[in-house]
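Worksheet: the structure to be examined is printed underneath.
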Amino acid sequence: MTTVESLRAKENALAPHYSRFRVADRLLLSAHSHQAWPDVAEEGLREAFADAAEEVDEKWGRAFAKAGELRNGFRQWLSDPHGDYALGQNTHELVLRFLSAIELRKRPRLVTTDGEFHTLRRQLTRLAEEGVEVVRVPAAPVATLAERLAEQVDDRTAAVLTSAVLFETSWIVPGLAHLAETCRSRSVELVVDAYHAVGAVPFPLHDFGLTNAWVLGGGYKYLQLGEGNCFLRLPAHAQELRPVITGWYAEFGALADERRPDEVAYAPGGDRFAGATYDPSSHYRGVRVQQFFAEQGLTAEFLREVSQHQVGLLASCFDSLGLPDDVVTRDRETPLDGIGGFLSLRSPVAGQLCERLAARGVRTDSRGQYLRFGPAPYLSDEQLETAISTLREAVADLG
């Protein structure tokens with residue numbers, strides 16, 4: 001059996017496990033944003049309810065155990081068995097805790113790109129309004145992005161914040177090891193957003209030279225964990241920092257400091273960056289889905305094979321449509337192995353095309369001038385081909 005035939009067999013075997021989301025009957029090409037949950041996710045939610053009903057306020061012992069399992073799952077995805085991980089309901093709260101821990105008053109300069117996700121874009125823009133210097137490096141050309149970010153690092157820089165895979169274009173950012181070394185040598189924090197990498201592109205952070213980096217991500221997209229399952233991987237020196245934005249859960253496990261009884265204490269490990277009371281049902285759901293991935297052999301390497309095949313198929317089918325470049329086109333210079341888990345098409349009417357595709361039963365999304373097609377391992381080649389062919393009708397609608 002060839003690799004492609006093996007992938008198709010797996011697709012056919014996976015679809016029945018997603019019956020509640022009806023993946024076999026719908027053209028869900030928004031998997032880079034919200035993948036379908038496998039049916040077993042409901043088992044996790046039922047378990048969360050059962051534990052709450054049985055234990056009431058004593059449920060937290062079981063909930064914290066689930067949080068520990070979830071952390072272990074993230075460690076596996078990043079090939080980081082001994083890393084410390086803070087958990088959050090979303091990436092915004094984790095970014096806020098990070099920003100509150102660094103010395104922005106002494107080094108009021110942040111370096112980032114003009115291609116970052118909305119949470120980071122908005123929050124940094126607001127900080128700039130309050131006097132923090134925010135330097136935005138153009139994301140293109142991506143081949144030199146890490147190098148150009150490194151050139152902006154100086155003694156006034158507190159942190160560099162960048163993506164591993166850019167959320168608009170699906171470009172994989174090369175050269176992060178060089179950027180990490182530059183940041184380390186200047187005592188500058190490096191935050192790498194791996195949300196569009198984990199589950200779509202293997203991300204062994206130590207092999208990428210990111211041992212001393214903060215890595216941000218979550219399970220809403222390619223990992224199928226749903227909302228409420230985000231993480232911030234902490235470098236070792238994070239244990240020396242004291243986030244200003246801190247919840248009382250960060251006190252759990254903290255020893256009273258007899259030398260400084262009036263100073264706020266912090267727990268060790270990932271809990272140092274913990275928040276406060278949260279809805280633990282997301283962790284129950286997430287852990288059950290992690291177990292499902294293990295049962296089905298959905299490893300980082302296998303998912304990358306599937307993704308490359310599917311994105312390549314989408315690109316080939318799009319090219320065969322022969323649509324006018326001034327209406328919709330794609331980047332043909334970046335090789336397939338330089339692309340993440342979705343196909344990004346560029347169009348001045350991307351939003352309108354997205355709406356017209358939706359009217360024909362094809363779910364995609366758009367970000368500015370980019371129309372994004374996100375495949376998933378439970379979709380068949382036939383579904384992908386049908387979705388792309390529908391784009392011709394959407395373009396015709398525009399006249």
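In the structure tokens, chains take letters A, B, ... by order of appearance, with residues numbered from 1 within each chain and ligands from 1 in the order shown.
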
Once DSSP has gone over the backbone, tell me which residues of region 38-175 of chain A are in strand (DSSP E or B), as a compact mmCIF listing (two decimals) with C-alpha atoms, in the first residue's frame.
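What landed in part.txt:
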```txt
# COMPACT_ATOMS: atom_id res chain seq x y z
CA ASP A 84 7.07 23.35 33.06
CA TYR A 85 3.69 24.30 31.60
CA ALA A 86 1.18 26.89 32.74
CA LEU A 87 -2.40 26.27 31.61
CA GLY A 88 -4.97 28.87 30.64
CA ARG A 109 10.62 47.87 24.00
CA LEU A 110 8.93 44.86 22.40
CA VAL A 111 9.79 43.40 18.99
CA THR A 112 7.23 41.44 16.99
CA THR A 113 5.98 40.94 13.42
CA GLU A 133 7.76 50.95 22.11
CA VAL A 134 6.48 48.20 19.82
CA VAL A 135 8.58 47.40 16.75
CA ARG A 136 6.75 45.44 14.05
CA VAL A 137 8.98 43.69 11.54
CA THR A 157 14.32 45.23 24.32
CA ALA A 158 12.41 43.22 26.92
CA ALA A 159 11.02 40.54 24.62
CA VAL A 160 10.60 39.30 21.07
CA LEU A 161 7.23 37.76 20.22
CA THR A 162 6.78 35.81 16.99
CA SER A 163 4.96 32.85 15.47
CA VAL A 165 3.69 29.36 11.63
CA TRP A 171 4.25 30.11 6.24
CA ILE A 172 6.61 28.22 8.55
```

May I have a table of the residues of region 242-331 of chain A lying at most 8 Å from region 377-389 of chain A, giving each one's closest pair of atoms and their distance in Å to one decimal, counting only C-alpha atoms, ordered by chain and ascending residue number, as a Markdown table?
```
| residue | atom | partner | partner_atom | distance |
| --- | --- | --- | --- | --- |
| A:Leu303 | CA | A:Pro377 | CA | 7.2 |
| A:Val306 | CA | A:Pro377 | CA | 6.3 |
| A:Ser307 | CA | A:Pro377 | CA | 7.4 |
| A:Gln310 | CA | A:Asp381 | CA | 7.3 |
| A:Leu313 | CA | A:Leu384 | CA | 7.7 |
| A:Leu314 | CA | A:Leu384 | CA | 6.5 |
| A:Cys317 | CA | A:Glu385 | CA | 6.5 |
| A:Phe318 | CA | A:Ile388 | CA | 6.2 |
| A:Leu321 | CA | A:Ser389 | CA | 7.3 |
```

Who sits within 10 Å of His237 (chain A), only C-alpha atoms, same chain under 4 positions skipped, as a compact mmCIF listing (two decimals) with N, CA, C and O atoms, in the first residue's frame:
```txt
# COMPACT_ATOMS: atom_id res chain seq x y z
N ASN A 212 15.40 27.79 25.84
CA ASN A 212 15.26 28.95 26.71
C ASN A 212 14.11 29.87 26.31
O ASN A 212 14.03 31.00 26.77
N ALA A 213 13.23 29.38 25.43
CA ALA A 213 12.12 30.20 24.95
C ALA A 213 10.83 29.87 25.69
O ALA A 213 10.67 28.79 26.28
N LEU A 241 10.96 34.73 38.03
CA LEU A 241 10.08 35.86 37.72
C LEU A 241 8.83 35.84 38.60
O LEU A 241 8.40 34.78 39.07
```

Restrict the calculation to only C-alpha atoms, then for each residue of region 316-386 of chain A with any atom at most 10 Å from an atom of region 188-206 of chain A give the closest atom pair and their distance in Å to one decimal, rows by chain and rising residue number, as JSON lines.
```
{"residue": "A:Asp337", "atom": "CA", "partner": "A:Val201", "partner_atom": "CA", "distance": 9.5}
{"residue": "A:Gly338", "atom": "CA", "partner": "A:Val201", "partner_atom": "CA", "distance": 9.9}
{"residue": "A:Ile339", "atom": "CA", "partner": "A:Val201", "partner_atom": "CA", "distance": 8.9}
{"residue": "A:Gly340", "atom": "CA", "partner": "A:Val201", "partner_atom": "CA", "distance": 6.3}
{"residue": "A:Gly341", "atom": "CA", "partner": "A:Ala200", "partner_atom": "CA", "distance": 5.1}
{"residue": "A:Phe342", "atom": "CA", "partner": "A:Ala200", "partner_atom": "CA", "distance": 8.9}
{"residue": "A:Ala376", "atom": "CA", "partner": "A:Ala200", "partner_atom": "CA", "distance": 9.5}
```

**OP:** Please identify all polymer residues within 8 Å of Asn90 (chain A), counting only C-alpha atoms, omitting same-chain residues fewer than 2 positions from it, and present them as a PyMOL selection string.
**Re:** chain A and resi 88+92-94+218+227-230

Original post:
How far is it from CA of Tyr249 (chain A) to CA of Asp262 (chain A), in Å with one decimal?
Top reply: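 CA of Tyr249 (chain A) sits 18.0 Å away from CA of Asp262 (chain A).
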